[in-house]
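The data block below is query_4.txt; it holds compact mmCIF, C-alpha atoms and all ligand atoms.
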# COMPACT_ATOMS: atom_id res chain seq x y z
CA MET V 676 0.00 0.00 0.00
CA LYS V 677 1.84 3.07 -1.25
CA LEU V 678 -0.72 5.62 -0.04
CA ALA V 679 -1.94 4.10 3.22
CA GLY V 680 -3.61 6.78 5.34
CA LYS V 681 -3.16 9.48 2.69
CA LYS V 682 -5.88 11.86 1.53
CA GLY V 683 -5.97 13.07 -2.05
CA LEU V 684 -7.94 15.53 -4.16
CA ILE V 685 -8.35 14.81 -7.87
CA THR V 686 -10.02 17.48 -9.99
CA GLY V 687 -11.74 15.94 -12.99
CA GLY V 688 -11.84 12.67 -11.07
CA ASN V 689 -15.15 11.68 -12.64
CA SER V 690 -13.62 10.72 -15.99
CA GLY V 691 -10.61 9.47 -17.93
CA ILE V 692 -7.16 9.80 -16.35
CA GLY V 693 -8.59 11.35 -13.16
CA LEU V 694 -10.98 8.44 -12.57
CA ALA V 695 -8.29 5.84 -13.30
CA THR V 696 -6.05 7.63 -10.80
CA ALA V 697 -8.81 7.69 -8.17
CA ARG V 698 -9.20 3.90 -8.57
CA LEU V 699 -5.47 3.32 -8.16
CA PHE V 700 -5.09 5.73 -5.21
CA ILE V 701 -7.90 3.93 -3.37
CA ALA V 702 -6.40 0.52 -4.18
CA GLU V 703 -3.18 1.83 -2.61
CA GLY V 704 -4.93 2.80 0.63
CA ALA V 705 -5.88 6.45 0.09
CA GLN V 706 -9.09 8.33 0.70
CA VAL V 707 -9.96 10.40 -2.33
CA ALA V 708 -12.05 13.46 -3.13
CA ILE V 709 -13.06 13.76 -6.76
CA THR V 710 -14.50 16.80 -8.49
CA GLY V 711 -16.06 17.65 -11.81
CA ARG V 712 -18.88 19.73 -13.23
CA ASP V 713 -21.20 16.91 -14.23
CA GLN V 714 -23.11 15.59 -11.19
CA GLU V 715 -24.30 12.44 -12.97
CA THR V 716 -20.79 11.17 -13.76
CA ILE V 717 -19.59 12.21 -10.29
CA ASP V 718 -22.37 10.06 -8.78
CA GLU V 719 -21.52 7.14 -11.08
CA ALA V 720 -17.85 7.38 -10.15
CA ILE V 721 -18.59 7.49 -6.42
CA ALA V 722 -20.88 4.46 -6.73
CA GLU V 723 -18.01 2.60 -8.40
CA LEU V 724 -15.18 3.84 -6.15
CA GLY V 725 -16.94 3.03 -2.89
CA PRO V 726 -16.69 4.37 0.65
CA ASN V 727 -13.15 5.74 0.38
CA ALA V 728 -14.25 8.30 -2.20
CA ARG V 729 -16.35 11.43 -1.92
CA GLY V 730 -17.59 13.52 -4.83
CA TYR V 731 -18.02 17.27 -5.13
CA ARG V 732 -19.46 19.31 -7.99
CA ALA V 733 -17.13 22.24 -8.60
CA ASP V 734 -16.07 24.16 -11.68
CA VAL V 735 -12.35 24.97 -11.34
CA THR V 736 -12.90 28.36 -13.00
CA ILE V 737 -15.56 29.59 -10.56
CA ALA V 738 -14.23 31.15 -7.36
CA ALA V 739 -17.45 30.51 -5.41
CA ASP V 740 -17.31 26.80 -6.38
CA ARG V 741 -13.72 26.54 -5.20
CA GLN V 742 -14.51 28.31 -1.95
CA GLN V 743 -17.40 25.92 -1.29
CA LEU V 744 -15.28 22.91 -2.30
CA PHE V 745 -12.35 23.68 -0.03
CA ALA V 746 -14.65 24.51 2.91
CA ALA V 747 -16.26 21.08 2.39
CA LEU V 748 -12.87 19.37 2.08
CA ALA V 749 -11.67 20.99 5.33
CA GLU V 750 -14.82 19.70 7.01
CA ASP V 751 -14.82 16.19 5.47
CA PHE V 752 -11.07 15.45 5.17
CA GLY V 753 -9.36 17.89 7.52
CA LYS V 754 -6.00 17.93 5.75
CA LEU V 755 -4.85 16.72 2.33
CA ASP V 756 -1.62 14.96 1.31
CA ILE V 757 -2.02 14.91 -2.48
CA VAL V 758 -3.53 17.26 -5.03
CA PHE V 759 -3.83 16.08 -8.63
CA ALA V 760 -4.83 19.19 -10.61
CA ASN V 761 -6.05 17.17 -13.56
CA ALA V 762 -9.21 18.90 -14.84
CA GLY V 763 -8.77 20.14 -18.37
CA ILE V 764 -10.24 20.49 -21.81
CA SER V 765 -8.81 20.34 -25.30
CA GLY V 766 -9.84 22.52 -28.18
CA LYS V 767 -8.72 23.86 -31.51
CA THR V 768 -7.63 27.48 -31.85
CA PRO V 769 -6.29 27.85 -35.40
CA THR V 770 -4.32 31.05 -35.85
CA GLY V 771 -6.32 33.51 -37.96
CA SER V 772 -9.80 32.20 -37.18
CA THR V 773 -10.01 31.68 -33.44
CA ASP V 774 -12.73 33.27 -31.39
CA GLU V 775 -11.37 35.03 -28.29
CA ALA V 776 -13.89 33.33 -25.98
CA VAL V 777 -12.78 29.86 -27.12
CA PHE V 778 -9.11 30.70 -26.52
CA GLU V 779 -9.82 32.22 -23.11
CA ASN V 780 -11.97 29.28 -21.98
CA ILE V 781 -9.07 26.87 -22.56
CA ILE V 782 -6.72 29.14 -20.63
CA HIS V 783 -9.22 29.63 -17.80
CA ILE V 784 -9.83 25.93 -17.26
CA ASN V 785 -6.41 24.42 -17.94
CA LEU V 786 -4.13 27.08 -16.49
CA ASN V 787 -6.03 29.46 -14.19
CA GLY V 788 -8.21 26.63 -12.88
CA ALA V 789 -5.18 24.49 -12.09
CA PHE V 790 -3.37 27.35 -10.34
CA PHE V 791 -6.33 28.43 -8.24
CA THR V 792 -7.04 24.83 -7.26
CA VAL V 793 -3.54 24.52 -5.85
CA ASN V 794 -3.70 28.03 -4.41
CA SER V 795 -6.79 27.04 -2.42
CA ALA V 796 -5.38 23.61 -1.54
CA ALA V 797 -2.01 24.84 -0.24
CA PRO V 798 -3.24 25.80 3.26
CA LEU V 799 -4.87 22.36 3.62
CA LEU V 800 -1.81 20.40 2.46
CA ASN V 801 0.19 18.51 5.04
CA ASP V 802 3.93 19.15 5.07
CA GLY V 803 5.61 16.52 2.90
CA GLY V 804 2.65 16.42 0.52
CA SER V 805 2.64 16.14 -3.25
CA VAL V 806 1.09 18.30 -5.97
CA ILE V 807 0.79 16.96 -9.50
CA PHE V 808 -0.43 18.92 -12.51
CA ASN V 809 -1.70 17.19 -15.63
CA GLY V 810 0.28 18.65 -18.53
CA SER V 811 0.63 17.31 -22.05
CA VAL V 812 3.13 16.45 -24.75
CA HIS V 813 1.73 19.52 -26.51
CA ASN V 814 4.22 21.45 -24.41
CA HIS V 815 6.82 19.96 -26.78
CA LEU V 816 4.97 19.35 -30.05
CA GLY V 817 4.08 22.22 -32.34
CA GLN V 818 0.83 20.92 -33.80
CA PRO V 819 -1.56 22.97 -35.92
CA GLY V 820 -4.54 24.52 -34.16
CA MET V 821 -3.21 23.84 -30.68
CA ALA V 822 -1.90 27.29 -29.66
CA ALA V 823 -4.11 27.79 -26.59
CA TYR V 824 -3.86 24.20 -25.41
CA ALA V 825 -0.08 24.08 -25.87
CA ALA V 826 0.29 27.42 -24.06
CA THR V 827 -1.64 26.11 -21.07
CA LYS V 828 0.34 22.90 -20.87
CA GLY V 829 3.69 24.67 -21.23
CA GLY V 830 2.47 27.21 -18.70
CA LEU V 831 1.76 24.45 -16.20
CA VAL V 832 5.38 23.30 -16.36
CA SER V 833 6.88 26.72 -15.70
CA MET V 834 4.19 27.43 -13.11
CA ALA V 835 4.94 24.14 -11.35
CA ARG V 836 8.61 25.12 -10.95
CA ALA V 837 7.64 28.40 -9.27
CA ILE V 838 5.05 26.72 -7.05
CA ALA V 839 7.64 24.08 -6.13
CA ALA V 840 9.85 26.92 -4.87
CA ASP V 841 6.93 28.34 -2.86
CA LEU V 842 6.12 25.02 -1.21
CA ALA V 843 9.58 23.45 -0.84
CA PRO V 844 10.05 24.93 2.67
CA ARG V 845 7.16 22.69 3.74
CA GLY V 846 8.63 19.64 1.99
CA ILE V 847 5.80 19.66 -0.56
CA ARG V 848 6.90 18.43 -4.00
CA VAL V 849 5.32 19.82 -7.17
CA ASN V 850 5.55 17.95 -10.47
CA VAL V 851 3.82 17.62 -13.83
CA VAL V 852 2.78 14.43 -15.56
CA ALA V 853 2.64 14.96 -19.33
CA PRO V 854 0.51 12.39 -21.14
CA GLY V 855 0.68 11.61 -24.81
CA ALA V 856 -2.37 10.35 -26.70
CA THR V 857 -4.38 8.56 -24.04
CA LYS V 858 -7.67 6.78 -24.62
CA THR V 859 -10.18 8.93 -22.71
CA PRO V 860 -13.43 10.79 -23.45
CA ILE V 861 -11.47 14.01 -24.10
CA TRP V 862 -11.02 12.85 -27.70
CA SER V 863 -14.76 12.83 -28.32
CA ARG V 864 -15.65 16.16 -26.76
CA GLY V 865 -14.59 19.79 -26.75
CA GLY V 866 -12.54 20.87 -29.72
CA ARG V 867 -12.52 17.42 -31.25
CA ALA V 868 -16.18 16.60 -30.66
CA ASN V 869 -17.06 17.42 -34.22
CA ALA V 870 -13.85 16.15 -35.73
CA PRO V 871 -14.51 15.09 -39.30
CA ALA V 872 -13.86 11.48 -40.27
CA GLU V 873 -10.68 12.38 -42.14
CA GLU V 874 -9.27 13.85 -38.95
CA SER V 875 -9.93 10.59 -37.10
CA ALA V 876 -8.16 8.71 -39.88
CA LYS V 877 -5.28 11.20 -39.63
CA LEU V 878 -5.19 10.64 -35.90
CA ALA V 879 -5.08 6.86 -36.26
CA LYS V 880 -2.21 7.26 -38.73
CA PHE V 881 -0.41 9.59 -36.31
CA VAL V 882 -0.80 7.13 -33.45
CA ALA V 883 0.49 4.26 -35.57
CA SER V 884 3.40 6.14 -37.14
CA ALA V 885 4.55 8.96 -34.84
CA ILE V 886 4.36 7.18 -31.51
CA PRO V 887 7.31 4.81 -31.19
CA LEU V 888 5.22 2.27 -29.25
CA GLY V 889 2.62 2.53 -32.04
CA ARG V 890 -0.43 2.63 -29.80
CA TRP V 891 -2.58 4.80 -27.53
CA GLY V 892 -1.79 5.09 -23.85
CA GLU V 893 -4.35 3.73 -21.42
CA PRO V 894 -5.60 5.94 -18.54
CA GLU V 895 -4.35 3.26 -16.13
CA GLU V 896 -0.81 3.74 -17.47
CA LEU V 897 -1.03 7.44 -16.67
CA ALA V 898 -2.45 6.68 -13.24
CA LYS V 899 0.65 4.62 -12.42
CA ALA V 900 2.87 7.62 -13.20
CA VAL V 901 0.69 9.88 -11.05
CA LEU V 902 0.92 7.33 -8.23
CA PHE V 903 4.71 7.43 -8.53
CA LEU V 904 4.71 11.23 -8.23
CA ALA V 905 2.19 11.14 -5.36
CA SER V 906 3.95 8.51 -3.29
CA ASP V 907 7.21 8.31 -1.39
CA ASP V 908 8.65 6.35 -4.33
CA SER V 909 9.40 9.80 -5.78
CA SER V 910 10.49 11.43 -2.52
CA TYR V 911 13.42 13.26 -4.18
CA VAL V 912 11.63 14.07 -7.45
CA ASN V 913 10.62 17.72 -7.53
CA ALA V 914 9.76 20.39 -10.11
CA ILE V 915 9.94 18.05 -13.09
CA GLU V 916 7.77 17.15 -16.07
CA LEU V 917 7.37 13.38 -16.45
CA THR V 918 6.33 12.52 -19.99
CA VAL V 919 4.26 9.35 -20.36
CA ASP V 920 3.80 9.23 -24.10
CA GLY V 921 5.02 6.02 -25.68
CA GLY V 922 8.17 7.87 -26.72
CA VAL V 923 6.60 10.53 -28.94
CA THR V 924 8.56 13.45 -27.50
CA GLY V 925 11.78 11.46 -27.64
CA ALA V 926 11.28 10.40 -31.25
CA PRO V 927 13.35 12.20 -33.92
P1 LIG V 1001 -11.61 13.65 -19.81
O1 LIG V 1001 -12.38 14.51 -20.73
O2 LIG V 1001 -12.04 12.25 -19.59
O3 LIG V 1001 -11.48 14.36 -18.38
C1 LIG V 1001 -11.45 15.74 -18.22
C2 LIG V 1001 -11.94 16.02 -16.83
O4 LIG V 1001 -11.83 17.41 -16.54
C3 LIG V 1001 -13.40 15.63 -16.62
O5 LIG V 1001 -13.52 14.93 -15.42
C4 LIG V 1001 -14.12 16.96 -16.56
O6 LIG V 1001 -15.25 16.87 -15.72
C5 LIG V 1001 -13.04 17.84 -15.94
N1 LIG V 1001 -13.23 19.25 -16.22
C6 LIG V 1001 -13.17 19.88 -17.42
N2 LIG V 1001 -13.43 21.18 -17.27
C7 LIG V 1001 -13.64 21.39 -15.94
C8 LIG V 1001 -13.95 22.53 -15.16
N3 LIG V 1001 -14.10 23.74 -15.70
N4 LIG V 1001 -14.08 22.37 -13.83
C9 LIG V 1001 -13.94 21.15 -13.25
N5 LIG V 1001 -13.67 20.04 -13.94
C10 LIG V 1001 -13.52 20.16 -15.28
O7 LIG V 1001 -10.13 13.67 -20.38
P2 LIG V 1001 -8.72 13.19 -19.82
O8 LIG V 1001 -8.87 12.28 -18.68
O9 LIG V 1001 -7.96 12.77 -21.00
O10 LIG V 1001 -8.14 14.59 -19.34
C11 LIG V 1001 -7.53 14.80 -18.09
C12 LIG V 1001 -6.33 15.71 -18.27
O11 LIG V 1001 -5.35 15.03 -19.06
C13 LIG V 1001 -6.61 17.03 -18.98
O12 LIG V 1001 -5.97 18.08 -18.29
C14 LIG V 1001 -5.98 16.84 -20.35
O13 LIG V 1001 -5.56 18.04 -20.93
C15 LIG V 1001 -4.82 15.92 -20.01
N6 LIG V 1001 -4.28 15.20 -21.17
C16 LIG V 1001 -5.02 14.22 -21.78
C17 LIG V 1001 -4.52 13.57 -22.89
C18 LIG V 1001 -5.27 12.50 -23.62
O14 LIG V 1001 -4.86 12.11 -24.71
N7 LIG V 1001 -6.35 11.99 -23.06
C19 LIG V 1001 -3.19 13.92 -23.45
C20 LIG V 1001 -2.52 14.96 -22.74
C21 LIG V 1001 -3.06 15.57 -21.63
P3 LIG V 1001 -16.71 17.44 -16.17
O15 LIG V 1001 -16.95 16.91 -17.53
O16 LIG V 1001 -17.63 16.93 -15.13
O17 LIG V 1001 -16.55 18.91 -16.13

Is it possible to express this structure as structure tokens?
Amino acid sequence: MKLAGKKGLITGGNSGIGLATARLFIAEGAQVAITGRDQETIDEAIAELGPNARGYRADVTIAADRQQLFAALAEDFGKLDIVFANAGISGKTPTGSTDEAVFENIIHINLNGAFFTVNSAAPLLNDGGSVIFNGSVHNHLGQPGMAAYAATKGGLVSMARAIAADLAPRGIRVNVVAPGATKTPIWSRGGRANAPAEESAKLAKFVASAIPLGRWGEPEELAKAVLFLASDDSSYVNAIELTVDGGVTGAP
């Protein structure tokens, strides 16, 4: 049990990588709080995760939601040991035709939302705790239409270094996990929800040819990396970005 007695918050824990991480954290002995905006999937996740999980509806971009969430966490959990700032959306913002509101929404959720989650969590974190942001290989890949998304994911890495400096006096480590193409619902919503068939074919070709392992990542494979960063197995790992991408960022 790598997380026995630990208490963790996972934003976006009702889906994809967040939900897979909640399952693994609980299997490793933790109590977990999951958040999301969609009450139905939060309820489904809690029913599946069992008594060591609690669910909270909170939009990471809304200050009143965060205030309510962290008041409830203080009441229900007391302190926290782990924060996985995972909530995020994808979306296309092609240069020359992007609406300002679309661009800003990606920044608000992926970057501002992640910062203000950790900002609110910091007073509740036990000394020696662990903060993990969910980044992306888009920090390294210049792909068309991904300006806003890439900016948020690169921003998380530089932000994590500064936050690591803020929290190091308390022994709190701050790292980023950077997934490559991982099989989750994100690919069928947001910016890609209306992806034309040729884009899906392009994507399948990309996965087969550009990813050295030649396949998608599974959310469970990301969860294992988050567990590493959350647990004492990474006790001297701080202020880094851990790519979990089948080798795509290392490929020539
Ligand atoms: P999902 O779409 O399955 O999960 C996204 C989660 O974020 C959902 O639980 C969603 O909950 C939550 N969320 C989105 N917006 C908000 C908001 N404003 N407030 C609170 N919660 C919110 O996709 P993934 O699991 O793939 O995504 C998780 C993270 O992984 C994201 O940050 C993403 O950028 C990153 N990532 C994913 C990759 C992939 O290929 N899957 C690759 C690289 C990075 P709800 O719907 O209830 O709001």

Next item on the list: Would you list the residues that come within 8 Å of ligand LIG 1001 (chain V)? Count only C-alpha atoms and all ligand atoms and give the answer as a PyMOL selection string.
Entry: chain V and resi 686-694+710-714+716-717+732-737+760-765+783-785+788+809-813+824+828+853-862+864+892+894

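From atom CA of V:Ile807 back to atom CA of V:Asp718, the distance works out to 24.2 Å.
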
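Atom pair atom CA of V:Gly846 / atom CA of V:Gly730: separated by 27.8 Å.
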
Note to self: So that I can check the surroundings of V:Val777, please list as a count of residues only every protein, DNA and RNA residue that reaches within 8 Å of it, counting all atoms listed in the file and ignoring chain neighbours fewer than 3 positions away.
What the structure shows: 6

Notebook entry, point to check: Quick one: residues within 8 Å of V:Ala705, all atoms listed in the file counted, chain neighbours fewer than 2 positions away excluded, as a PyMOL selection string?
Noted result: chain V and resi 678-683+700-703+707+727

Item checked: Minimum-distance residue to V:Glu775, chosen among V:Ala789, V:Ala823, V:Ala876, V:Leu755 (using only C-alpha atoms) -> V:Ala823

Would you list the contacts of V:Met821 as a PDB file with C-alpha atoms, in the coordinates of the input, taking every protein, DNA or RNA residue within 7 Å and counting only C-alpha atoms, but skipping same-chain residues closer than 4 positions in sequence?
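Writing done, so here's out-v6.pdb:
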ATOM      1  CA  LYS V 767      -8.720  23.860 -31.510  1.00  0.00           C
ATOM      2  CA  THR V 768      -7.630  27.480 -31.850  1.00  0.00           C
ATOM      3  CA  PRO V 769      -6.290  27.850 -35.400  1.00  0.00           C
ATOM      4  CA  ALA V 825      -0.080  24.080 -25.870  1.00  0.00           C
TER       5      ALA V 825
END

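Atom CA of V:Ala776 to atom CA of V:His815 spans 24.7 Å [interatomic distance, one decimal].
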